[in-house]
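Please read the structure below before turning to the comments.
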Amino acid sequence: MAILVLGGAGYIGSHTVYELIEAGRDVVVADNLFTGFKAAVHPKARFYQLDIRDRGALDTLFQAEKIDGVIHFAASSQVGESMSDPLKYYDNNLYGTMVLLQAMVAHGVNKIVFSSTAATYGEPERVPILETDKTVPTNCYGNTKLSMEQMMSWVSQAHGLKYVALRYFNACGAHPSGKIGEAHDPETHLIPIILQVANGTRKQISVFGDDYPTKDGTCVRDYIHVTDLAQAHILALDYLLNGGDNNVFNLGNGVGFTVKEVIDVARSVTGHPIPAVVSPRRAGDPAQLIASSEKAVNVLGWKPQYNDLNTIIETAWKWHSTHPHGYEEV
Ligand code: UDP
């Protein structure tokens, strides 16, 4: 009996596979390797290179493997790209999930945990954000993730599928071993970009807006370590395997840091001056996003281990200082 991790060669997927294998679970990974890396896949996982939009490939996998439950990370996840190329997001995220659910229903696999996002909320009415707060996404990426949640809900009513949606806040950090870490092309996320300045692959960091209604004018985000996210997926899957009902959980530390504060912590961790220049605001950025993760703590028993930004950035720096070109060998 195995766990199928779709998108297991990507950033959060690969870290979840490492935690599953360390917990002694039997893991099957599927990934189309469009944005993921074969080198990120744990050597003890059985790997299938496939696209979730390929029903035939999914059928072959479900026939070959006895799958207990699915953890689904296989999606496009760049906010900016979702605004310039929305149909790519409908295709990969919504259509891909539709084909996946069709295959799961056909093969009698009825438990799924999947990546949702704080972007489902849009501009929050208040912080910390609760799962019951209104969801009005301000970008296409968030909209496709909310639609994926709704698709799961209707499929659940019709076919008895059980799902957990995990709404991540700002995923960051890397496996403490330094073996795997964050690598996107192009990179758009704050902490990897800051660390690319420190490792010499970038000259400076642009701070997107310093006129927000926050303590230093820069955006506030809730940074959560990727290993803590990985643990939450395992807890959520076990919750479903033990008979838990459909549910939605926020995953964050409940503490907000401004962009300037993150840069300062990175300067102290790396010892590099990290030049920063203020640039115009980035479209669609809410001023602050901070999670209430009480529900995940209470219902799933989730206990984030990395609640200190210094330690989080130290783990990310271990990766970025030793892999200046990510998984690419130069
Ligand atoms: N940000 C920035 N410069 C960058 C990248 C990001 O100032 O080069 C800011 C961005 O505007 C946001 C925060 O850093 O306020 C976190 O952005 P990221 O893209 O990492 O995550 P998001 O919050 O968009 O999911």
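Going by the structure tokens order, chains are called A, B, ..., each with residues numbered from 1, while ligands are numbered from 1 in the order shown.
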**Request:** Residues up to 10 Å from ligand 1, counting only C-alpha atoms and all ligand atoms: could you list those as a VMD selection string?
**Result:** chain A and resid 77 to 80 117 to 119 168 to 172 187 to 194 204 to 210 212 218 to 223 257 to 260 262 to 263 276 to 289
**Asked** Out of range 200-233 of chain A, which residues get strand (DSSP E or B) from DSSP, as a ChimeraX atom specification?
**Response** /A:205-208,220-221,223-225
**Message:** List the spatial neighbours of Ala236 in chain A as a PyMOL selection string - criterion: any atom at most 12 Å away, only C-alpha atoms, same-chain residues fewer than 6 positions off excluded.
**Reply:** chain A and resi 69-71+111-115+162-166+229-230+242-251+295-297+299-302
What would the file look like if the residues just selected were written as a CSV table (one decimal), in the first residue's frame with N, CA, C and O atoms?
```
chain,number,residue,atom,x,y,z
A,69,GLY,N,-3.6,6.5,-0.8
A,69,GLY,CA,-4.0,7.9,-0.8
A,69,GLY,C,-3.1,8.7,-1.7
A,69,GLY,O,-1.9,8.3,-2.0
A,70,VAL,N,-3.6,9.9,-2.1
A,70,VAL,CA,-2.8,10.8,-3.0
A,70,VAL,C,-2.5,12.1,-2.3
A,70,VAL,O,-3.3,12.7,-1.6
A,71,ILE,N,-1.3,12.6,-2.5
A,71,ILE,CA,-1.0,14.0,-2.1
A,71,ILE,C,-0.6,14.7,-3.4
A,71,ILE,O,0.3,14.3,-4.2
A,111,LYS,N,-8.9,9.1,-1.3
A,111,LYS,CA,-8.4,10.0,-0.3
A,111,LYS,C,-7.4,10.9,-1.0
A,111,LYS,O,-6.4,10.4,-1.6
A,112,ILE,N,-7.5,12.2,-0.8
A,112,ILE,CA,-6.6,13.2,-1.4
A,112,ILE,C,-6.3,14.4,-0.5
A,112,ILE,O,-7.2,15.0,0.0
A,113,VAL,N,-5.0,14.7,-0.4
A,113,VAL,CA,-4.6,15.9,0.3
A,113,VAL,C,-4.0,16.8,-0.8
A,113,VAL,O,-3.2,16.3,-1.6
A,114,PHE,N,-4.3,18.1,-0.8
A,114,PHE,CA,-3.7,18.9,-1.9
A,114,PHE,C,-3.4,20.3,-1.5
A,114,PHE,O,-3.9,20.8,-0.5
A,115,SER,N,-2.4,20.8,-2.3
A,115,SER,CA,-1.9,22.2,-2.1
A,115,SER,C,-3.0,23.2,-2.4
A,115,SER,O,-3.3,23.3,-3.6
A,162,LYS,N,-12.8,11.7,-0.3
A,162,LYS,CA,-12.5,12.6,0.9
A,162,LYS,C,-11.3,13.4,0.6
A,162,LYS,O,-10.3,12.8,0.2
A,163,TYR,N,-11.3,14.7,1.0
A,163,TYR,CA,-10.2,15.5,0.7
A,163,TYR,C,-9.8,16.5,1.8
A,163,TYR,O,-10.7,16.8,2.6
A,164,VAL,N,-8.6,16.8,1.8
A,164,VAL,CA,-8.1,17.9,2.7
A,164,VAL,C,-7.4,18.9,1.8
A,164,VAL,O,-6.5,18.6,1.1
A,165,ALA,N,-7.8,20.2,1.9
A,165,ALA,CA,-7.1,21.3,1.2
A,165,ALA,C,-6.2,22.0,2.3
A,165,ALA,O,-6.7,22.4,3.3
A,166,LEU,N,-4.9,22.2,1.9
A,166,LEU,CA,-4.0,22.9,2.8
A,166,LEU,C,-3.7,24.2,2.2
A,166,LEU,O,-3.1,24.3,1.1
A,229,LEU,N,5.5,22.2,6.5
A,229,LEU,CA,4.4,22.0,5.6
A,229,LEU,C,4.4,20.5,5.2
A,229,LEU,O,3.3,19.9,5.2
A,230,ALA,N,5.5,19.9,5.0
A,230,ALA,CA,5.6,18.5,4.6
A,230,ALA,C,4.9,17.6,5.7
A,230,ALA,O,4.1,16.7,5.5
A,242,ASN,N,-7.7,7.6,8.6
A,242,ASN,CA,-8.3,7.2,9.9
A,242,ASN,C,-9.8,7.6,9.9
A,242,ASN,O,-10.4,7.6,11.0
A,243,GLY,N,-10.4,8.0,8.8
A,243,GLY,CA,-11.8,8.3,8.7
A,243,GLY,C,-12.2,9.7,8.8
A,243,GLY,O,-13.4,10.0,8.9
A,244,GLY,N,-11.2,10.6,8.8
A,244,GLY,CA,-11.5,12.1,8.9
A,244,GLY,C,-12.3,12.5,7.7
A,244,GLY,O,-12.2,12.0,6.6
A,245,ASP,N,-13.2,13.6,7.9
A,245,ASP,CA,-14.0,14.1,6.9
A,245,ASP,C,-13.3,15.2,6.1
A,245,ASP,O,-12.3,15.7,6.5
A,246,ASN,N,-13.9,15.6,5.0
A,246,ASN,CA,-13.4,16.7,4.2
A,246,ASN,C,-13.0,17.9,5.1
A,246,ASN,O,-13.8,18.3,6.0
A,247,ASN,N,-11.9,18.6,4.8
A,247,ASN,CA,-11.5,19.7,5.6
A,247,ASN,C,-10.6,20.7,4.9
A,247,ASN,O,-10.0,20.3,3.9
A,248,VAL,N,-10.5,21.9,5.5
A,248,VAL,CA,-9.6,22.9,4.9
A,248,VAL,C,-8.8,23.5,6.1
A,248,VAL,O,-9.4,23.8,7.1
A,249,PHE,N,-7.5,23.6,5.9
A,249,PHE,CA,-6.6,24.1,7.0
A,249,PHE,C,-5.6,25.1,6.5
A,249,PHE,O,-5.0,24.9,5.4
A,250,ASN,N,-5.5,26.2,7.2
A,250,ASN,CA,-4.4,27.2,7.0
A,250,ASN,C,-3.1,26.6,7.5
A,250,ASN,O,-3.1,25.9,8.6
A,251,LEU,N,-2.0,26.9,6.9
A,251,LEU,CA,-0.7,26.5,7.4
A,251,LEU,C,0.3,27.7,7.4
A,251,LEU,O,0.7,28.1,6.3
A,295,LYS,N,-6.6,25.7,13.8
A,295,LYS,CA,-7.4,24.5,13.4
A,295,LYS,C,-6.5,23.4,13.1
A,295,LYS,O,-6.7,22.2,13.5
A,296,ALA,N,-5.4,23.6,12.4
A,296,ALA,CA,-4.4,22.5,12.0
A,296,ALA,C,-3.8,22.0,13.3
A,296,ALA,O,-3.6,20.8,13.4
A,297,VAL,N,-3.5,22.9,14.2
A,297,VAL,CA,-2.9,22.5,15.5
A,297,VAL,C,-3.9,21.6,16.3
A,297,VAL,O,-3.5,20.5,16.8
A,299,VAL,N,-6.9,20.1,15.2
A,299,VAL,CA,-7.5,18.9,14.6
A,299,VAL,C,-6.5,17.9,14.1
A,299,VAL,O,-6.7,16.7,14.3
A,300,LEU,N,-5.4,18.4,13.6
A,300,LEU,CA,-4.4,17.5,13.0
A,300,LEU,C,-3.3,17.2,14.0
A,300,LEU,O,-2.5,16.3,13.8
A,301,GLY,N,-3.2,18.0,15.1
A,301,GLY,CA,-2.0,17.8,16.0
A,301,GLY,C,-0.7,18.3,15.4
A,301,GLY,O,0.4,17.9,15.7
A,302,TRP,N,-0.8,19.3,14.5
A,302,TRP,CA,0.3,19.9,13.8
A,302,TRP,C,1.2,20.7,14.8
A,302,TRP,O,0.6,21.5,15.5
```
**Message:** Please report the interatomic distance between CA of Ala45 in chain A and CA of His233 in chain A in Å with one decimal.
**Reply:**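 Taking CA of Ala45 in chain A and CA of His233 in chain A, their separation equals 16.8 Å.
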**Request:** Could you check how far CA of Gly256 in chain A sits from CA of Ser321 in chain A, in Å to one decimal?
**Result:**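 Here the two named atoms are 25.5 Å from each other.
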**All alpha helix (DSSP H) positions in range 112-310 of chain A, as a PyMOL selection string** = chain A and resi 140-159+190-198+226-241+259-270+294-295+309-310
Output as JSON lines one row per residue of range 243-312 of chain A within 6 Å of range 121-143 of chain A: the closest atom pair and its distance in Å to one decimal place, counting only C-alpha atoms, sorted by chain and residue number ascending.
```
{"residue": "A:Pro286", "atom": "CA", "partner": "A:Glu123", "partner_atom": "CA", "distance": 5.3}
{"residue": "A:Ile290", "atom": "CA", "partner": "A:Pro128", "partner_atom": "CA", "distance": 5.0}
{"residue": "A:Ala291", "atom": "CA", "partner": "A:Pro128", "partner_atom": "CA", "distance": 4.9}
{"residue": "A:Ser292", "atom": "CA", "partner": "A:Pro128", "partner_atom": "CA", "distance": 5.0}
```
**Asked** Do you have the CA of Leu100 in chain A-CA of Ile52 in chain A distance handy?
**Response** 6.0 Å
Please identify all polymer residues within 12 Å of Tyr90 in chain A, counting only C-alpha atoms, omitting same-chain residues fewer than 5 positions from it, and present them as a PDB file with N, CA, C and O atoms, in the first residue's frame.
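result21.pdb was written with the following content:
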```
ATOM      1  N   ARG A  53      -2.582  15.357 -16.791  1.00  0.00           N
ATOM      2  CA  ARG A  53      -3.626  15.518 -17.815  1.00  0.00           C
ATOM      3  C   ARG A  53      -3.679  14.305 -18.743  1.00  0.00           C
ATOM      4  O   ARG A  53      -4.558  14.230 -19.605  1.00  0.00           O
ATOM      5  N   ALA A  75       0.858  21.365  -9.933  1.00  0.00           N
ATOM      6  CA  ALA A  75       0.126  22.541 -10.412  1.00  0.00           C
ATOM      7  C   ALA A  75       1.110  23.647 -10.750  1.00  0.00           C
ATOM      8  O   ALA A  75       2.238  23.659 -10.272  1.00  0.00           O
ATOM      9  N   SER A  76       0.644  24.603 -11.551  1.00  0.00           N
ATOM     10  CA  SER A  76       1.431  25.806 -11.813  1.00  0.00           C
ATOM     11  C   SER A  76       1.178  26.782 -10.664  1.00  0.00           C
ATOM     12  O   SER A  76       0.049  26.881 -10.178  1.00  0.00           O
ATOM     13  N   SER A  77       2.230  27.499 -10.247  1.00  0.00           N
ATOM     14  CA  SER A  77       2.085  28.234  -8.981  1.00  0.00           C
ATOM     15  C   SER A  77       2.671  29.637  -8.982  1.00  0.00           C
ATOM     16  O   SER A  77       2.975  30.167  -7.918  1.00  0.00           O
ATOM     17  N   SER A  82       0.169  33.611 -13.857  1.00  0.00           N
ATOM     18  CA  SER A  82      -1.263  33.279 -13.929  1.00  0.00           C
ATOM     19  C   SER A  82      -2.077  34.461 -14.443  1.00  0.00           C
ATOM     20  O   SER A  82      -3.160  34.289 -14.995  1.00  0.00           O
ATOM     21  N   MET A  83      -1.545  35.679 -14.272  1.00  0.00           N
ATOM     22  CA  MET A  83      -2.245  36.865 -14.758  1.00  0.00           C
ATOM     23  C   MET A  83      -1.968  37.072 -16.252  1.00  0.00           C
ATOM     24  O   MET A  83      -2.838  37.519 -16.980  1.00  0.00           O
ATOM     25  N   ASP A  85      -0.960  34.562 -18.365  1.00  0.00           N
ATOM     26  CA  ASP A  85      -1.314  33.356 -19.126  1.00  0.00           C
ATOM     27  C   ASP A  85      -2.339  32.535 -18.343  1.00  0.00           C
ATOM     28  O   ASP A  85      -2.079  31.394 -17.949  1.00  0.00           O
ATOM     29  N   TYR A  95      -8.064  21.607 -15.226  1.00  0.00           N
ATOM     30  CA  TYR A  95      -8.270  20.453 -16.098  1.00  0.00           C
ATOM     31  C   TYR A  95      -7.433  19.271 -15.591  1.00  0.00           C
ATOM     32  O   TYR A  95      -7.915  18.141 -15.513  1.00  0.00           O
ATOM     33  N   GLY A  96      -6.184  19.540 -15.176  1.00  0.00           N
ATOM     34  CA  GLY A  96      -5.321  18.474 -14.656  1.00  0.00           C
ATOM     35  C   GLY A  96      -5.971  17.787 -13.458  1.00  0.00           C
ATOM     36  O   GLY A  96      -5.990  16.554 -13.357  1.00  0.00           O
ATOM     37  N   THR A  97      -6.521  18.576 -12.559  1.00  0.00           N
ATOM     38  CA  THR A  97      -7.162  17.990 -11.370  1.00  0.00           C
ATOM     39  C   THR A  97      -8.419  17.221 -11.764  1.00  0.00           C
ATOM     40  O   THR A  97      -8.727  16.174 -11.187  1.00  0.00           O
ATOM     41  N   MET A  98      -9.127  17.714 -12.770  1.00  0.00           N
ATOM     42  CA  MET A  98     -10.324  17.004 -13.232  1.00  0.00           C
ATOM     43  C   MET A  98      -9.954  15.609 -13.758  1.00  0.00           C
ATOM     44  O   MET A  98     -10.578  14.607 -13.381  1.00  0.00           O
ATOM     45  N   CYS A 140      -5.459  34.934 -10.762  1.00  0.00           N
ATOM     46  CA  CYS A 140      -5.986  33.730 -11.410  1.00  0.00           C
ATOM     47  C   CYS A 140      -5.482  32.461 -10.714  1.00  0.00           C
ATOM     48  O   CYS A 140      -6.211  31.481 -10.578  1.00  0.00           O
ATOM     49  N   TYR A 141      -4.217  32.500 -10.244  1.00  0.00           N
ATOM     50  CA  TYR A 141      -3.674  31.336  -9.531  1.00  0.00           C
ATOM     51  C   TYR A 141      -4.568  30.973  -8.342  1.00  0.00           C
ATOM     52  O   TYR A 141      -4.998  29.825  -8.193  1.00  0.00           O
ATOM     53  N   GLY A 142      -4.852  31.977  -7.489  1.00  0.00           N
ATOM     54  CA  GLY A 142      -5.705  31.744  -6.316  1.00  0.00           C
ATOM     55  C   GLY A 142      -7.085  31.269  -6.722  1.00  0.00           C
ATOM     56  O   GLY A 142      -7.694  30.421  -6.064  1.00  0.00           O
ATOM     57  N   ASN A 143      -7.570  31.791  -7.843  1.00  0.00           N
ATOM     58  CA  ASN A 143      -8.884  31.400  -8.307  1.00  0.00           C
ATOM     59  C   ASN A 143      -8.916  29.931  -8.720  1.00  0.00           C
ATOM     60  O   ASN A 143      -9.858  29.192  -8.388  1.00  0.00           O
ATOM     61  N   THR A 144      -7.861  29.470  -9.426  1.00  0.00           N
ATOM     62  CA  THR A 144      -7.864  28.056  -9.832  1.00  0.00           C
ATOM     63  C   THR A 144      -7.759  27.145  -8.602  1.00  0.00           C
ATOM     64  O   THR A 144      -8.375  26.086  -8.557  1.00  0.00           O
ATOM     65  N   LYS A 145      -7.009  27.577  -7.577  1.00  0.00           N
ATOM     66  CA  LYS A 145      -6.891  26.744  -6.366  1.00  0.00           C
ATOM     67  C   LYS A 145      -8.227  26.672  -5.618  1.00  0.00           C
ATOM     68  O   LYS A 145      -8.613  25.609  -5.110  1.00  0.00           O
ATOM     69  N   LEU A 146      -8.945  27.803  -5.552  1.00  0.00           N
ATOM     70  CA  LEU A 146     -10.257  27.789  -4.901  1.00  0.00           C
ATOM     71  C   LEU A 146     -11.224  26.899  -5.692  1.00  0.00           C
ATOM     72  O   LEU A 146     -11.996  26.127  -5.109  1.00  0.00           O
ATOM     73  N   SER A 147     -11.138  26.983  -7.013  1.00  0.00           N
ATOM     74  CA  SER A 147     -11.999  26.131  -7.854  1.00  0.00           C
ATOM     75  C   SER A 147     -11.654  24.654  -7.673  1.00  0.00           C
ATOM     76  O   SER A 147     -12.533  23.790  -7.708  1.00  0.00           O
ATOM     77  N   MET A 148     -10.349  24.356  -7.455  1.00  0.00           N
ATOM     78  CA  MET A 148      -9.961  22.962  -7.185  1.00  0.00           C
ATOM     79  C   MET A 148     -10.616  22.492  -5.884  1.00  0.00           C
ATOM     80  O   MET A 148     -11.115  21.366  -5.801  1.00  0.00           O
TER      81      MET A 148
END
```
**Message:** Taking only C-alpha atoms into account, name the residue in A:Val5, A:Lys318, A:Asp26, A:Ala266 that is nearest to Leu50 in chain A.
**Reply:** A:Val5
**Message:** Could you list, as a PyMOL selection string, every residue within 9 Å of Gly7 in chain A, counting only C-alpha atoms and ignoring same-chain residues fewer than 2 positions away?
**Reply:** chain A and resi 5+9-14+29-33+36+71-75
